[in-house]
Structure formats: C-alpha cells, structure tokens
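First up is the structure itself, then whatever we jot down about it.
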Amino acid sequence: MAASRTPSRGGASAAKIPQVSWREPRPAPVVLVFGPEEVCAERSIAGVRDYLRAEDPALEVSDVRADDYSPGTLLSLTSPSLFGEPRLVRVSGVEKCSDAFLQEAVSYLEHPQEGATVILRHSGASVRGKKLLDALRAGTGDGIEIPCPAIKRDSDRVDFAAGEFKAAKKRIAPPALRALVSAFADDLTELAAACQQLIGDVEGDITEDTVTKYYGGRVEVSAFVVADTAIAGRYGEALIALRHALASGADPVPMVAAFAMKLRTMARVAGTREPSRQLAQRLGMKDWQVDRARRDLAGWNERSLGMAIQATARADAEVKGASRDPVFALERMLTVIATRQPFGE
C-alpha cells in the first residue's frame, strides 16, 4: 500500500512513514495506532494479529502497559525464542508511558528485532510520548501509522457504517443505512455491533424493513424519523413522533442537529440541475444524499426553506440553554417546518 503524506499530530512536522487504513491493517516492525476512536483501534490491532497468525499459527502474543513498565521488558519480549516463532507485542497506554518505557522504545526504533512486531497504541489524549512519536514518524526504524480519528459527525458515522457493509460485500439500502445510523447515533461501538449482526444474520440485501425488524424500538424514536416526517409536511405524525421520542429519552440537542443537517443538505442541493453523481462529487456528498435531498425538497421554496433554517437556528440556541423550555422550542421548530408557516399562523 502506497504511503500518504499527512500532517502528523503531537507536534511533528510531517509524517514520513506510510499511513495505513484501519480497515486494511498490515504488520510492520513497529505499528503506531494513533487516535481516540477505540473501535477503529481495536479493529486494526486485531487485524494485525490475524494477519500474522495466518502467516504462522505459532505467533507469540504479549501485552505490555506503557504506564506500568518494567525496564527491559520490551527487549525481552521481542528477542528471538529458541524455536524462532514470530512475536507480537501490543503496547497500550503510550499516551501515559513511563520514562523507562519512553527511553527503551526510542532506542528500540533504532534496532527493531527481526521477526517481531510491536504495536504502539496512543490515544492522542496527551502529548506524552511525543519524542517517541516524532522519532517514529520521522522514519526512524521501519514503521507504519494507522490513524484512528474520532468519528463524531453524522456523515462520519454514515461512512463508517457504509464501510462495514462494503467490507463484507453486503448491500444495504440508503434509507436502511440512515435509519441504522440514527438508531445508534450516540454509541459507535453499538453501531459497529449492529452492523455486524445484520451482516451475519441477514441473507440478501438489507432493507429499511430489516433494520426496523431488528432495531425498531430504537429507530422509532430516532431524530431522523421525526425530521423526515416534519420535512414531508405530515405535521400530526411528526408531533406524535417527537413526543414519543422525548418520552423514550431522546435528547433535544441531537434532535435539533438532525433537523439542521437535513435542512443544510436541502439548501445546498436546492436549485441545482447537475446530475446527482456530478453534484455529489462537487459538494463532497454521496449520490444517495443528493437524491434524498431532492426528494425532500418537493413542495419547498426559497422562502419556506429559509424560514425553516431560521427556526432551527433559534431552536438550537434555545435547547442549549437560551430557553428554560427546550420541549416548547422543539415543538415550535417542528411546527414551522411541518406547516411551512411562521409559528402561530
């Protein structure tokens, strides 16, 4: 896999080592798994282990804590054994590493042991271990980096889930994908588990009905279901869905965020006549997102869309503390969007 050059974290100027996707991990004498997203980090570390074990089932696997490190451990675990089995040493907590580990790890980069793979897991939570990160990224030793950046935005979660199904060569309908992501919007670990359950259990393509069958209780209260219904102009249904969502424990802040995301997408697509694929590439979106936004725009005009965006901005401020009644703020926003009229008219 070809190396890409990206700005490095932790103060280094530019990474000189290959950057490898967490979905396609591979071994190297030293593998830096860097970033806060634990789901991606765990996948990449397990992937390196599986890769090595497939090459030689006699692989010796050892775990080391960088913050509770006994001097000499790294060299001892990476040194060749009597029968020459390959060795994998997984080092956790590099962001909290002791001085002893830092000193020995920097020295190890100069002379990695043949037949050994050392994985350094750094969450990026602190600059501790910067000397080690800088040395590795500068090309000292034969290493690679597997970035695991935080997955927080809705679009990132959609891409993550889509990648799960693509990697498994499994087709999922765009509405089903969005419903699944919105049902697990607060927990990437649960979203990953849900994707794997559907991949393992369902034969054939995955539809929105499939997602509802498995996770209907969560999908029913999803913010995107409420937003979709309101944007379609079904005021009564939208109000019932909103109250059901709130009664089920939905948080007003992500509820408003779901409306805002859909309205922003509609505004970006409104008035364009480009083919979906061409427009999606220009806007940095997916084809299905453009198609969905165009369907959502049916019955909307510049005035009503602008009014809905203003109502959503007001609700966003109110549910974040500008009002003492976030539920009323949500209902007023929903009323403006679903009726496409100013509140109270």
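Note on naming: chains are A, B, ... as they come in the structure tokens, residues start from 1 per chain, ligands start from 1 in the order shown.
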Per-residue nearest contacts of stretch 242-295 of chain A to stretch 173-188 of chain A (9 Å; only C-alpha atoms) as a tab-separated table:
```
residue	atom	partner	partner_atom	distance
A:Pro254	CA	A:Ala185	CA	8.9
A:Ala258	CA	A:Ser182	CA	8.9
A:Trp288	CA	A:Pro174	CA	6.6
A:Gln289	CA	A:Pro174	CA	8.4
A:Arg292	CA	A:Pro175	CA	8.9
```
Polymer residues at most 8 Å from A:Ala116, only C-alpha atoms, same-chain spacing of 5 or more positions, as an NGL selection string: :A and (29 or 78-79 or 86-89)
Nearest to A:Arg243 by atom-to-atom distance, counting only C-alpha atoms, from A:Glu331, A:Glu37, A:Glu110, A:Asp134: A:Glu331
Polymer residues at most 8 Å from A:Leu120, only C-alpha atoms, same-chain spacing of 2 or more positions, as a ChimeraX atom specification: /A:30-33,90-92,94,118,122
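Pairwise distance (atom CA of A:Pro149, atom CA of A:Ala125) equals 11.5 Å.
For the pair atom CA of A:Ala308 and atom CA of A:Ala270, the separation is 13.9 Å.
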